[in-house]
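J.: For reference, this is input39.cif, and it has mmCIF, C-alpha atoms (C1' of nucleotides) and all ligand atoms.
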```cif
data_target
#
loop_
_atom_site.label_atom_id
_atom_site.label_comp_id
_atom_site.auth_asym_id
_atom_site.auth_seq_id
_atom_site.Cartn_x
_atom_site.Cartn_y
_atom_site.Cartn_z
CA MET A 273 92.24 124.87 54.04
CA GLU A 274 93.08 121.24 54.75
CA ILE A 275 96.25 121.12 56.82
CA THR A 276 98.48 118.74 54.90
CA ARG A 277 100.78 116.39 56.70
CA GLN A 278 103.70 118.32 55.30
CA THR A 279 102.51 121.42 57.10
CA ASP A 280 101.94 119.52 60.28
CA TYR A 281 105.51 118.25 60.12
CA ALA A 282 106.73 121.77 59.48
CA ILE A 283 105.00 123.01 62.61
CA ARG A 284 106.39 120.20 64.73
CA CYS A 285 109.80 120.96 63.33
CA ILE A 286 109.71 124.65 64.16
CA LEU A 287 108.37 123.77 67.56
CA TYR A 288 111.44 121.66 68.14
CA LEU A 289 113.80 124.34 66.91
CA SER A 290 112.16 126.89 69.18
CA GLY A 291 113.73 125.08 72.09
CA LYS A 292 117.21 124.93 70.58
CA GLN A 293 117.86 128.48 69.63
CA ASP A 294 121.08 129.71 68.04
CA GLN A 295 123.05 126.54 67.32
CA PRO A 296 122.10 124.96 63.98
CA THR A 297 120.44 121.58 64.21
CA VAL A 298 120.93 118.76 61.73
CA VAL A 299 117.97 117.36 59.82
CA ASP A 300 118.68 113.86 61.11
CA GLU A 301 118.21 114.94 64.68
CA ILE A 302 114.92 116.72 64.07
CA ALA A 303 113.66 113.79 62.06
CA GLN A 304 114.39 111.26 64.77
CA GLU A 305 113.22 113.40 67.63
CA MET A 306 109.93 114.33 65.99
CA SER A 307 109.42 111.03 64.12
CA ILE A 308 109.34 112.46 60.63
CA PRO A 309 110.78 110.61 57.61
CA LYS A 310 114.17 112.17 57.11
CA SER A 311 114.23 112.65 53.35
CA PHE A 312 110.78 114.13 53.46
CA LEU A 313 111.80 116.53 56.19
CA SER A 314 114.67 117.69 54.01
CA LYS A 315 112.13 118.95 51.53
CA ILE A 316 110.18 120.68 54.23
CA VAL A 317 113.00 122.58 55.85
CA GLN A 318 114.09 123.60 52.41
CA LYS A 319 110.76 125.26 51.78
CA LEU A 320 110.88 126.87 55.18
CA SER A 321 114.25 128.41 54.57
CA ARG A 322 113.22 129.72 51.19
CA ALA A 323 110.37 131.39 53.04
CA ALA A 324 112.91 132.95 55.39
CA ILE A 325 111.53 131.16 58.42
CA LEU A 326 114.58 128.98 58.84
CA GLU A 327 118.17 129.68 58.05
CA SER A 328 120.36 126.94 56.59
CA PHE A 329 124.08 126.21 56.95
CA ARG A 330 125.87 123.77 54.74
CA GLY A 331 128.87 121.66 55.42
CA SER A 332 129.94 120.12 58.67
CA LYS A 333 128.62 121.94 61.73
CA GLY A 334 125.77 122.87 59.42
CA GLY A 335 122.05 122.43 59.86
CA PHE A 336 119.05 124.63 60.37
CA LYS A 337 118.00 127.22 62.88
CA LEU A 338 115.21 129.73 63.18
CA ALA A 339 115.72 132.85 61.13
CA ARG A 340 113.68 134.96 63.55
CA LYS A 341 112.56 134.82 67.14
CA PRO A 342 109.80 132.29 67.89
CA ALA A 343 107.53 135.17 68.79
CA GLU A 344 107.86 136.51 65.28
CA ILE A 345 106.77 133.32 63.56
CA SER A 346 103.03 132.81 63.40
CA LEU A 347 101.16 129.67 62.48
CA LEU A 348 99.81 131.53 59.49
CA ASP A 349 103.36 132.21 58.29
CA VAL A 350 104.13 128.52 58.32
CA ILE A 351 100.91 127.50 56.62
CA GLU A 352 101.37 130.06 53.89
CA ALA A 353 104.96 129.02 53.37
CA MET A 354 103.97 125.38 53.03
CA GLN A 355 100.69 125.36 51.17
CA GLY A 356 100.30 128.85 49.81
CA THR A 357 97.16 130.03 51.49
CA ALA A 358 94.71 129.33 54.26
CA ALA A 359 91.56 129.66 52.18
CA ALA A 360 88.82 127.05 52.20
CA ASN A 361 87.68 127.48 48.62
CA LYS A 362 89.79 128.20 45.53
CA CYS A 363 87.66 131.21 44.72
CA ALA A 364 88.72 132.82 48.00
CA VAL A 365 92.31 132.70 46.80
CA ASP A 366 91.74 133.97 43.32
CA LYS A 367 88.44 135.01 41.81
CA ALA A 368 89.59 133.85 38.40
CA GLN A 369 89.53 130.25 39.60
CA CYS A 370 85.78 130.21 39.08
CA ASN A 371 84.00 131.90 36.21
CA LEU A 372 80.90 132.37 38.33
CA SER A 373 82.68 134.35 41.00
CA CYS A 374 81.40 137.73 39.91
CA THR A 375 77.75 136.76 40.25
CA CYS A 376 78.03 134.03 42.87
CA ILE A 377 76.32 134.83 46.14
CA VAL A 378 78.33 132.37 48.17
CA HIS A 379 81.64 133.85 47.16
CA PRO A 380 81.69 136.56 49.87
CA VAL A 381 81.15 133.89 52.49
CA TRP A 382 84.42 132.19 51.67
CA ILE A 383 86.22 135.50 51.55
CA GLU A 384 84.98 136.33 55.02
CA LEU A 385 85.77 132.86 56.33
CA ARG A 386 89.25 133.15 54.98
CA LYS A 387 89.72 136.46 56.76
CA GLN A 388 88.53 135.05 60.06
CA THR A 389 90.77 132.02 59.80
CA GLU A 390 93.80 134.08 58.92
CA ASP A 391 93.19 136.50 61.74
CA TYR A 392 93.03 133.68 64.22
CA LEU A 393 96.14 131.92 62.94
CA ARG A 394 98.10 135.14 62.73
CA GLY A 395 97.55 135.60 66.43
CA ILE A 396 99.27 132.36 67.30
CA ASN A 397 103.05 132.33 67.31
CA PHE A 398 105.67 129.94 68.56
CA GLU A 399 106.38 132.01 71.63
CA ASN A 400 102.92 131.75 73.12
CA LEU A 401 102.63 128.22 71.85
CA HIS A 402 105.75 126.59 73.09
CA PRO A 403 106.26 127.11 76.80
CA LYS A 404 102.70 126.42 77.91
CA ALA A 405 103.04 122.66 78.10
CA TYR A 406 106.07 120.38 77.73
CA MET B 3 88.66 122.18 55.50
CA GLU B 4 89.18 122.37 51.76
CA ILE B 5 85.81 122.86 50.11
CA THR B 6 85.68 120.15 47.49
CA ARG B 7 84.12 120.80 44.13
CA GLN B 8 81.41 118.35 44.99
CA THR B 9 80.38 120.49 47.91
CA ASP B 10 80.50 123.60 45.83
CA TYR B 11 78.18 121.96 43.32
CA ALA B 12 75.88 120.90 46.12
CA ILE B 13 75.62 124.47 47.34
CA ARG B 14 74.92 125.82 43.87
CA CYS B 15 72.30 123.14 43.47
CA ILE B 16 70.47 123.96 46.69
CA LEU B 17 70.71 127.62 45.81
CA TYR B 18 68.88 126.88 42.58
CA LEU B 19 66.24 124.80 44.29
CA SER B 20 65.64 127.57 46.83
CA GLY B 21 64.09 129.58 44.04
CA LYS B 22 61.84 126.78 42.80
CA GLN B 23 60.11 125.71 45.92
CA ASP B 24 57.51 122.95 46.06
CA GLN B 25 57.53 121.50 42.54
CA PRO B 26 60.19 118.82 42.10
CA THR B 27 62.95 119.67 39.64
CA VAL B 28 64.66 117.17 37.35
CA VAL B 29 68.40 116.60 37.63
CA ASP B 30 68.88 117.47 33.96
CA GLU B 31 67.51 120.93 34.48
CA ILE B 32 69.67 121.71 37.51
CA ALA B 33 72.73 120.37 35.73
CA GLN B 34 72.23 122.53 32.65
CA GLU B 35 71.20 125.64 34.53
CA MET B 36 74.10 125.48 36.97
CA SER B 37 76.65 123.98 34.56
CA ILE B 38 77.38 120.84 36.53
CA PRO B 39 78.15 117.49 34.86
CA LYS B 40 74.85 115.65 34.98
CA SER B 41 75.99 112.20 36.07
CA PHE B 42 78.08 113.71 38.82
CA LEU B 43 75.19 115.79 40.01
CA SER B 44 73.10 112.64 40.27
CA LYS B 45 75.51 111.38 42.86
CA ILE B 46 75.44 114.66 44.72
CA VAL B 47 71.69 115.00 45.03
CA GLN B 48 71.62 111.40 46.12
CA LYS B 49 73.88 112.21 49.03
CA LEU B 50 71.85 115.27 49.84
CA SER B 51 68.60 113.35 50.00
CA ARG B 52 70.14 110.68 52.17
CA ALA B 53 71.11 113.54 54.47
CA ALA B 54 67.48 114.67 54.48
CA ILE B 55 68.29 117.98 52.88
CA LEU B 56 66.54 117.12 49.61
CA GLU B 57 63.55 114.95 48.95
CA SER B 58 63.43 112.75 45.85
CA PHE B 59 60.52 111.65 43.67
CA ARG B 60 60.79 108.96 41.03
CA GLY B 61 58.89 108.44 37.84
CA SER B 62 57.61 111.02 35.46
CA LYS B 63 56.90 114.33 37.12
CA GLY B 64 59.61 113.29 39.55
CA GLY B 65 62.78 115.05 40.55
CA PHE B 66 64.14 116.72 43.66
CA LYS B 67 63.01 119.45 45.97
CA LEU B 68 64.15 120.85 49.29
CA ALA B 69 63.11 118.78 52.26
CA ARG B 70 63.01 121.83 54.54
CA LYS B 71 62.68 125.55 54.21
CA PRO B 72 65.76 127.36 52.87
CA ALA B 73 66.06 129.12 56.21
CA GLU B 74 66.50 125.78 57.92
CA ILE B 75 69.42 124.65 55.78
CA SER B 76 72.78 126.04 56.82
CA LEU B 77 76.01 125.97 54.88
CA LEU B 78 77.43 123.82 57.62
CA ASP B 79 74.67 121.26 57.07
CA VAL B 80 75.60 120.94 53.43
CA ILE B 81 79.30 120.73 54.06
CA GLU B 82 78.87 118.07 56.70
CA ALA B 83 76.54 116.10 54.47
CA MET B 84 79.02 116.17 51.62
CA GLN B 85 82.44 115.88 53.21
CA GLY B 86 81.81 114.81 56.75
CA THR B 87 83.28 117.67 58.73
CA ALA B 88 84.60 121.19 58.50
CA ALA B 89 87.84 120.62 60.39
CA ALA B 90 91.19 121.79 59.08
CA ASN B 91 93.31 119.03 60.56
CA LYS B 92 92.46 115.35 60.99
CA CYS B 93 93.25 115.54 64.67
CA ALA B 94 90.45 118.08 65.12
CA VAL B 95 88.02 115.46 63.87
CA ASP B 96 89.28 112.55 65.88
CA LYS B 97 92.15 112.62 68.35
CA ALA B 98 92.98 109.02 67.51
CA GLN B 99 94.12 110.10 64.04
CA CYS B 100 97.41 111.21 65.54
CA ASN B 101 99.26 109.41 68.26
CA LEU B 102 100.78 112.65 69.48
CA SER B 103 97.46 114.32 70.09
CA CYS B 104 97.53 113.90 73.85
CA THR B 105 100.83 115.74 74.26
CA CYS B 106 100.74 117.98 71.19
CA ILE B 107 100.57 121.67 71.98
CA VAL B 108 99.17 122.63 68.63
CA HIS B 109 96.19 120.33 68.90
CA PRO B 110 93.98 122.77 70.85
CA VAL B 111 94.55 125.36 68.15
CA TRP B 112 92.87 123.19 65.51
CA ILE B 113 90.05 122.35 67.85
CA GLU B 114 89.39 126.02 68.46
CA LEU B 115 89.69 126.86 64.77
CA ARG B 116 87.19 124.17 63.93
CA LYS B 117 84.75 125.59 66.46
CA GLN B 118 85.08 129.08 65.04
CA THR B 119 84.60 127.89 61.49
CA GLU B 120 81.57 125.82 62.34
CA ASP B 121 79.99 128.64 64.27
CA TYR B 122 80.36 130.95 61.34
CA LEU B 123 79.03 128.51 58.77
CA ARG B 124 76.13 127.48 60.96
CA GLY B 125 74.98 131.07 60.93
CA ILE B 126 74.62 131.17 57.16
CA ASN B 127 71.52 129.62 55.66
CA PHE B 128 69.91 129.67 52.26
CA GLU B 129 67.30 132.20 53.30
CA ASN B 130 69.72 134.97 54.18
CA LEU B 131 71.94 133.93 51.32
CA HIS B 132 69.60 133.75 48.39
CA PRO B 133 67.55 136.92 48.02
CA LYS B 134 70.37 139.41 48.55
CA ALA B 135 71.62 139.43 44.98
CA TYR B 136 70.21 137.86 41.80
"C1'" DC C 172 48.74 96.86 32.02
"C1'" DT C 173 52.22 99.19 29.29
"C1'" DG C 174 55.49 102.43 28.25
"C1'" DA C 175 57.85 106.51 29.30
"C1'" DT C 176 60.19 108.83 32.77
"C1'" DT C 177 63.25 109.50 36.44
"C1'" DA C 178 65.95 108.21 40.40
"C1'" DT C 179 69.28 104.55 42.42
"C1'" DG C 180 73.48 102.06 42.96
"C1'" DG C 181 77.68 100.06 41.70
"C1'" DA C 182 81.74 99.68 38.99
"C1'" DA C 183 85.25 101.74 36.95
"C1'" DA C 184 88.20 105.22 34.27
"C1'" DT C 185 90.72 109.43 34.77
"C1'" DC C 186 93.13 112.85 37.03
"C1'" DA C 187 95.62 115.49 40.36
"C1'" DC C 188 98.02 115.83 44.35
"C1'" DT C 189 100.28 114.13 48.51
"C1'" DC C 190 103.72 111.43 50.60
"C1'" DG C 191 107.96 109.62 50.52
"C1'" DT C 192 112.56 107.78 48.40
"C1'" DC C 193 116.90 108.16 45.92
"C1'" DA C 194 120.97 109.71 44.11
"C1'" DA C 195 123.92 113.11 42.39
"C1'" DA C 196 125.55 117.83 42.90
"C1'" DC C 197 127.11 121.38 45.88
"C1'" DA C 198 129.27 124.07 49.83
"C1'" DG C 199 131.61 124.79 54.26
"C1'" DA C 200 134.96 123.35 57.90
"C1'" DT C 201 139.15 121.39 59.20
"C1'" DA D 199 141.24 117.14 49.87
"C1'" DT D 200 138.01 115.07 52.58
"C1'" DC D 201 134.23 114.73 55.41
"C1'" DT D 202 129.84 116.28 56.62
"C1'" DG D 203 125.55 117.76 55.69
"C1'" DT D 204 122.46 120.67 52.62
"C1'" DT D 205 120.37 121.24 47.82
"C1'" DT D 206 117.88 119.82 43.98
"C1'" DG D 207 115.35 117.27 40.76
"C1'" DA D 208 113.43 113.17 39.25
"C1'" DC D 209 110.61 109.53 40.31
"C1'" DG D 210 106.87 106.17 42.03
"C1'" DA D 211 103.29 104.46 45.02
"C1'" DG D 212 99.08 105.70 46.94
"C1'" DT D 213 95.08 108.17 47.84
"C1'" DG D 214 91.17 110.73 46.97
"C1'" DA D 215 88.40 113.74 43.93
"C1'" DT D 216 85.98 113.92 39.71
"C1'" DT D 217 83.48 111.97 36.26
"C1'" DT D 218 81.13 108.57 33.17
"C1'" DC D 219 78.35 104.44 32.18
"C1'" DC D 220 75.01 101.08 32.77
"C1'" DA D 221 71.69 98.04 34.58
"C1'" DT D 222 67.83 98.26 37.78
"C1'" DA D 223 63.91 99.87 40.38
"C1'" DA D 224 60.07 102.93 41.25
"C1'" DT D 225 56.36 105.86 39.70
"C1'" DC D 226 53.15 108.22 36.74
"C1'" DA D 227 50.18 108.81 32.49
"C1'" DG D 228 47.57 106.69 29.04
S1 LIG E 501 80.53 128.93 42.57
FE1 LIG E 501 80.74 130.65 43.97
S2 LIG E 501 81.53 129.70 45.81
FE2 LIG E 501 81.79 128.17 44.24
S3 LIG E 501 83.86 128.54 43.51
FE3 LIG E 501 82.57 129.75 42.18
S4 LIG E 501 82.53 131.74 43.18
FE4 LIG E 501 83.33 130.35 44.69
S1 LIG E 502 100.91 116.61 65.70
FE1 LIG E 502 99.48 117.79 66.91
S2 LIG E 502 98.52 119.12 65.41
FE2 LIG E 502 99.56 117.56 64.21
S3 LIG E 502 97.97 116.02 63.90
FE3 LIG E 502 99.06 115.40 65.74
S4 LIG E 502 97.86 116.33 67.39
FE4 LIG E 502 97.21 117.35 65.53
#
```
Have the structure of the file written as C-alpha cells, please.
Ligand code: SF4
Ligand code: SF4
T.:
Amino acid sequence: MEITRQTDYAIRCILYLSGKQDQPTVVDEIAQEMSIPKSFLSKIVQKLSRAAILESFRGSKGGFKLARKPAEISLLDVIEAMQGTAAANKCAVDKAQCNLSCTCIVHPVWIELRKQTEDYLRGINFENLHPKAY
Amino acid sequence: MEITRQTDYAIRCILYLSGKQDQPTVVDEIAQEMSIPKSFLSKIVQKLSRAAILESFRGSKGGFKLARKPAEISLLDVIEAMQGTAAANKCAVDKAQCNLSCTCIVHPVWIELRKQTEDYLRGINFENLHPKAY
DNA sequence: CTGATTATGGAAATCACTCGTCAAACAGAT
DNA sequence: ATCTGTTTGACGAGTGATTTCCATAATCAG
C-alpha cells in the first residue's frame, strides 16, 4: 500500500483546508503554503473533488474548499480517492489478479492485513488529526 | 508497503521448499513448479541466501534449501530481506526522507501503522502457514 | 584430473508507473 | 466582455520493477 507522493500531497492539502473552512481557497495559495508544485496540485485537487472530498468553484473568487466537515473525512477516504485501495498485494484487491489465488495459502494473510490497515486508517480523520499540534 | 512481485515469488519459493526439507532443490525445479521465470528466480534465491534464509550448494547435487526451520522464518523476515522494510510511507522508514517530518502531524500515523503491520507479519511463519491447506 | 552441473554476479533490455509541466478550453463574477 | 481561476488532456523525464543473458566460479562424480 505504498503511500505515493501524490497522496501525501493530498493529505497535506486537506490538512491546510481544514483550517480555512468555508471560504474557497485558490490552488496557488495551497501550493505555496504547503510547498507543492502548483500544476501537480491542480491534478490532485481535481481528483479530490471528483471523489466528493473537496468542492470546486470556478471563475474569480473561485477555488476549493472541503465538501464535508473535517471530522467526516478519514485518511482512508483520501487514500482510496487517490490510489484506489489500501491493499498491500494486488490479490487483496481483486482475486482475479493472480491465477493462484484460489489455492494460495498466503492469500488470506493479505486479505486480513488489508482489513487491519483499513480499520486503522478509517479511524483517523482530519478533526482528531488537525488541532493536536500546530 | 506494496508487496512487489519479487517478494511474492520469494514467498512462494520458500513455501515450496518448506515441503522439501533437507535435500537441496535446484532452481529449475522451483521455477517450473511455482511458475516463476527461472533467471529471475535465480536473483531472488540469491538475495534470500545472502539474508541467511536459504542456504546454497554449488555443483552437481547442489541447489537451495532452507537455512532454518519453517517455523523460524516469518513473513516479515522475507519481506525485509526482499524489499527492505514494510513501511507504507518513506517517512516511516527514515525521518530524514521528508523535511517536514519534525512538524508533520500525520507522521506519527505512519509510524504506528508500520508497527501494526510489522507485528502482524512477524506473527506469521511458514510453519503455521504451510500445513493448513494443500 | 576432467567434465558435467549448478550457483554467482554484472550488465542491460523492457516495461510500467510516478512525478511534474504545458497549453488550450471552459465557467463564473463583475 | 474581460479577468480570474478551474478543467482537461497530452506529453516527457525519471525511476524502479521485472526479466533475460552471459561469462565465471565452485563443487561433485567418474
Ligand atoms: S501467489 Fe498468493 S499471495 Fe501471491 S498474489 Fe497470488 S494469491 Fe496473492
Ligand atoms: S509530510 Fe508528513 S506524512 Fe508526508 S512524508 Fe513528510 S512527514 Fe511523512
J.: Where does chain A end up after superposition onto chain B over all in-order Cα pairs? Give it as a CSV table (one decimal) with C-alpha atoms, in the coordinates of the input.
T.:
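What landed in superposed-v3.csv:
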```csv
chain,number,residue,atom,x,y,z
A,273,MET,CA,88.6,122.0,55.4
A,274,GLU,CA,89.2,122.3,51.7
A,275,ILE,CA,85.8,122.9,50.0
A,276,THR,CA,85.7,120.2,47.3
A,277,ARG,CA,84.2,120.9,44.0
A,278,GLN,CA,81.5,118.4,44.9
A,279,THR,CA,80.4,120.6,47.8
A,280,ASP,CA,80.5,123.7,45.7
A,281,TYR,CA,78.2,122.1,43.2
A,282,ALA,CA,75.9,121.0,46.1
A,283,ILE,CA,75.7,124.5,47.3
A,284,ARG,CA,74.9,125.9,43.8
A,285,CYS,CA,72.3,123.2,43.5
A,286,ILE,CA,70.5,124.0,46.7
A,287,LEU,CA,70.7,127.7,45.8
A,288,TYR,CA,68.9,126.9,42.6
A,289,LEU,CA,66.2,124.8,44.3
A,290,SER,CA,65.7,127.6,46.9
A,291,GLY,CA,64.0,129.6,44.1
A,292,LYS,CA,61.8,126.7,42.9
A,293,GLN,CA,60.1,125.6,46.0
A,294,ASP,CA,57.5,122.8,46.2
A,295,GLN,CA,57.5,121.4,42.7
A,296,PRO,CA,60.2,118.7,42.2
A,297,THR,CA,62.9,119.6,39.8
A,298,VAL,CA,64.7,117.1,37.5
A,299,VAL,CA,68.4,116.6,37.7
A,300,ASP,CA,68.8,117.5,34.0
A,301,GLU,CA,67.4,120.9,34.5
A,302,ILE,CA,69.6,121.7,37.5
A,303,ALA,CA,72.7,120.4,35.7
A,304,GLN,CA,72.1,122.6,32.7
A,305,GLU,CA,71.1,125.7,34.5
A,306,MET,CA,74.0,125.5,36.9
A,307,SER,CA,76.6,124.0,34.5
A,308,ILE,CA,77.3,120.9,36.4
A,309,PRO,CA,78.0,117.6,34.7
A,310,LYS,CA,74.8,115.7,34.9
A,311,SER,CA,75.9,112.3,36.0
A,312,PHE,CA,78.1,113.8,38.7
A,313,LEU,CA,75.2,115.9,40.0
A,314,SER,CA,73.2,112.7,40.3
A,315,LYS,CA,75.7,111.5,42.9
A,316,ILE,CA,75.5,114.8,44.7
A,317,VAL,CA,71.8,115.1,45.0
A,318,GLN,CA,71.7,111.5,46.2
A,319,LYS,CA,74.0,112.3,49.1
A,320,LEU,CA,71.9,115.4,49.9
A,321,SER,CA,68.7,113.4,50.1
A,322,ARG,CA,70.3,110.8,52.2
A,323,ALA,CA,71.2,113.6,54.5
A,324,ALA,CA,67.6,114.7,54.5
A,325,ILE,CA,68.4,118.1,52.9
A,326,LEU,CA,66.6,117.2,49.7
A,327,GLU,CA,63.7,115.0,49.1
A,328,SER,CA,63.6,112.7,46.0
A,329,PHE,CA,60.7,111.5,43.8
A,330,ARG,CA,61.1,108.7,41.3
A,331,GLY,CA,59.3,108.1,38.1
A,332,SER,CA,57.8,110.6,35.8
A,333,LYS,CA,57.0,113.9,37.4
A,334,GLY,CA,59.8,113.0,39.7
A,335,GLY,CA,62.9,115.0,40.7
A,336,PHE,CA,64.2,116.7,43.7
A,337,LYS,CA,63.1,119.4,46.0
A,338,LEU,CA,64.2,120.9,49.3
A,339,ALA,CA,63.2,118.8,52.3
A,340,ARG,CA,63.1,121.8,54.6
A,341,LYS,CA,62.7,125.6,54.2
A,342,PRO,CA,65.8,127.4,52.9
A,343,ALA,CA,66.1,129.2,56.2
A,344,GLU,CA,66.6,125.8,57.9
A,345,ILE,CA,69.5,124.7,55.8
A,346,SER,CA,72.8,126.1,56.8
A,347,LEU,CA,76.0,126.0,54.8
A,348,LEU,CA,77.5,123.9,57.6
A,349,ASP,CA,74.7,121.3,57.0
A,350,VAL,CA,75.6,121.0,53.4
A,351,ILE,CA,79.4,120.8,54.0
A,352,GLU,CA,78.9,118.1,56.6
A,353,ALA,CA,76.6,116.2,54.4
A,354,MET,CA,79.1,116.3,51.6
A,355,GLN,CA,82.5,115.9,53.1
A,356,GLY,CA,81.8,114.9,56.7
A,357,THR,CA,83.3,117.7,58.7
A,358,ALA,CA,84.6,121.2,58.5
A,359,ALA,CA,87.8,120.7,60.4
A,360,ALA,CA,91.2,121.8,59.1
A,361,ASN,CA,93.3,119.0,60.5
A,362,LYS,CA,92.4,115.3,60.9
A,363,CYS,CA,93.1,115.5,64.6
A,364,ALA,CA,90.4,118.0,65.1
A,365,VAL,CA,87.9,115.5,63.8
A,366,ASP,CA,89.1,112.5,65.8
A,367,LYS,CA,92.0,112.5,68.3
A,368,ALA,CA,92.8,108.9,67.4
A,369,GLN,CA,93.9,110.1,64.0
A,370,CYS,CA,97.2,111.1,65.5
A,371,ASN,CA,99.0,109.3,68.2
A,372,LEU,CA,100.6,112.5,69.4
A,373,SER,CA,97.3,114.2,70.1
A,374,CYS,CA,97.3,113.7,73.8
A,375,THR,CA,100.6,115.6,74.3
A,376,CYS,CA,100.6,117.8,71.2
A,377,ILE,CA,100.4,121.5,72.0
A,378,VAL,CA,99.0,122.5,68.7
A,379,HIS,CA,96.1,120.2,68.9
A,380,PRO,CA,93.9,122.7,70.8
A,381,VAL,CA,94.5,125.3,68.2
A,382,TRP,CA,92.8,123.2,65.5
A,383,ILE,CA,89.9,122.3,67.8
A,384,GLU,CA,89.3,126.0,68.4
A,385,LEU,CA,89.7,126.8,64.8
A,386,ARG,CA,87.2,124.2,63.9
A,387,LYS,CA,84.7,125.6,66.4
A,388,GLN,CA,85.1,129.1,65.0
A,389,THR,CA,84.6,127.9,61.5
A,390,GLU,CA,81.6,125.9,62.3
A,391,ASP,CA,80.0,128.7,64.2
A,392,TYR,CA,80.4,131.0,61.3
A,393,LEU,CA,79.0,128.6,58.7
A,394,ARG,CA,76.1,127.6,60.9
A,395,GLY,CA,75.0,131.2,60.9
A,396,ILE,CA,74.6,131.2,57.1
A,397,ASN,CA,71.5,129.7,55.6
A,398,PHE,CA,69.9,129.7,52.2
A,399,GLU,CA,67.3,132.2,53.3
A,400,ASN,CA,69.7,135.0,54.1
A,401,LEU,CA,71.9,134.0,51.3
A,402,HIS,CA,69.6,133.8,48.4
A,403,PRO,CA,67.6,137.0,48.0
A,404,LYS,CA,70.4,139.4,48.5
A,405,ALA,CA,71.6,139.5,45.0
A,406,TYR,CA,70.2,137.9,41.8
```
J.: Let me see if you get this right: every residue at most 8 Å from ligand LIG 502 (chain E), counting all atoms listed in the file, written as an mmCIF file with C-alpha atoms, keeping the file's coordinate frame.
T.:
```
data_model
loop_
_atom_site.group_PDB
_atom_site.id
_atom_site.type_symbol
_atom_site.label_atom_id
_atom_site.label_comp_id
_atom_site.auth_asym_id
_atom_site.auth_seq_id
_atom_site.Cartn_x
_atom_site.Cartn_y
_atom_site.Cartn_z
ATOM 1 C CA ARG A 277 100.780 116.390 56.700
ATOM 2 C CA ASP A 280 101.940 119.520 60.280
ATOM 3 C CA TYR A 281 105.510 118.250 60.120
ATOM 4 C CA ILE A 283 105.000 123.010 62.610
ATOM 5 C CA ARG A 284 106.390 120.200 64.730
ATOM 6 C CA ASN B 91 93.310 119.030 60.560
ATOM 7 C CA LYS B 92 92.460 115.350 60.990
ATOM 8 C CA CYS B 93 93.250 115.540 64.670
ATOM 9 C CA ALA B 94 90.450 118.080 65.120
ATOM 10 C CA LYS B 97 92.150 112.620 68.350
ATOM 11 C CA GLN B 99 94.120 110.100 64.040
ATOM 12 C CA CYS B 100 97.410 111.210 65.540
ATOM 13 C CA ASN B 101 99.260 109.410 68.260
ATOM 14 C CA LEU B 102 100.780 112.650 69.480
ATOM 15 C CA SER B 103 97.460 114.320 70.090
ATOM 16 C CA CYS B 104 97.530 113.900 73.850
ATOM 17 C CA THR B 105 100.830 115.740 74.260
ATOM 18 C CA CYS B 106 100.740 117.980 71.190
ATOM 19 C CA ILE B 107 100.570 121.670 71.980
ATOM 20 C CA VAL B 108 99.170 122.630 68.630
ATOM 21 C CA HIS B 109 96.190 120.330 68.900
ATOM 22 C CA PRO B 110 93.980 122.770 70.850
ATOM 23 C CA VAL B 111 94.550 125.360 68.150
ATOM 24 C CA TRP B 112 92.870 123.190 65.510
#
```
J.: In Å, with one decimal, what is the gap from atom CA of Ala324 of chain A to atom CA of Val350 of chain A?
T.: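 Calculated distance between atom CA of Ala324 of chain A and atom CA of Val350 of chain A is 10.3 Å.
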J.: Within 10 Å of Thr357 of chain A, counting all atoms listed in the file, which residues qualify if same-chain residues fewer than 5 places away don't, as a list in words?
T.: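 Listing them by chain and then by number gives Met273, Leu348, Asp349, Val350, Ile351, Glu352, Lys362, Ala364, Val365, Arg386 and Glu390 of chain A.
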J.: With only C-alpha atoms (C1' of nucleotides) as the counted atoms, please give the residues lying no more than 10 Å from DG174 of chain C, apart from itself and same-chain residues fewer than 2 positions off, as a ChimeraX atom specification.
T.: /C:172,176 /D:227-228
J.: So, counting all atoms listed in the file, which residue among B:Val47, B:Leu131, B:Ile113, B:Ala89 is closest to ligand LIG 501 (chain E)?
T.: B:Leu131
J.: Enumerate, in order of chain and increasing residue number, the residues of chain A with an atom no farther than 7 Å from chain C, each with its shortest atom pair and distance in Å to one decimal, counting only C-alpha atoms (C1' of nucleotides), as a tab-separated table.
T.:
```
residue	atom	partner	partner_atom	distance
A:Phe312	CA	C:DG191	C1'	6.1
A:Arg330	CA	C:DG199	C1'	5.8
A:Gly331	CA	C:DG199	C1'	4.3
A:Ser332	CA	C:DA200	C1'	6.0
```
J.: Counting only C-alpha atoms (C1' of nucleotides), which residues of chain D come no farther than 7 Å from chain A, as a PyMOL selection string?
T.: chain D and resi 202-204
J.: Identify which of the residues B:Gln85, B:Asn127, B:Thr119, B:Ser41 lies closest to chain A, counting only C-alpha atoms when measuring atom-to-atom distances.
T.: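 Checking each candidate against chain A, we get B:Thr119 as the closest.
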J.: If I take atom CA of Lys341 of chain A and atom CA of Pro309 of chain A, how far is one from the other in Å, to one decimal?
T.: 26.1 Å
J.: Between B:Ile38, B:Leu68, B:Leu115, B:Leu50, single out the one closest to chain A, counting only C-alpha atoms.
T.: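 Selected residue with least distance to chain A: B:Leu115.
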J.: Which is closer to chain B than all the others in A:Ile325, A:Ala282, A:Ala303, A:Ile316, using all atoms listed in the file?
T.: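 That would be A:Ala282, the residue with the smallest distance to chain B.
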J.: Which of these, B:Leu56, B:Lys117, B:Leu77, B:Ser51, has the shortest distance to ligand LIG 501 (chain E) once you count all atoms listed in the file?
T.: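 Of all the options, B:Leu77 lies closest to ligand LIG 501 (chain E).
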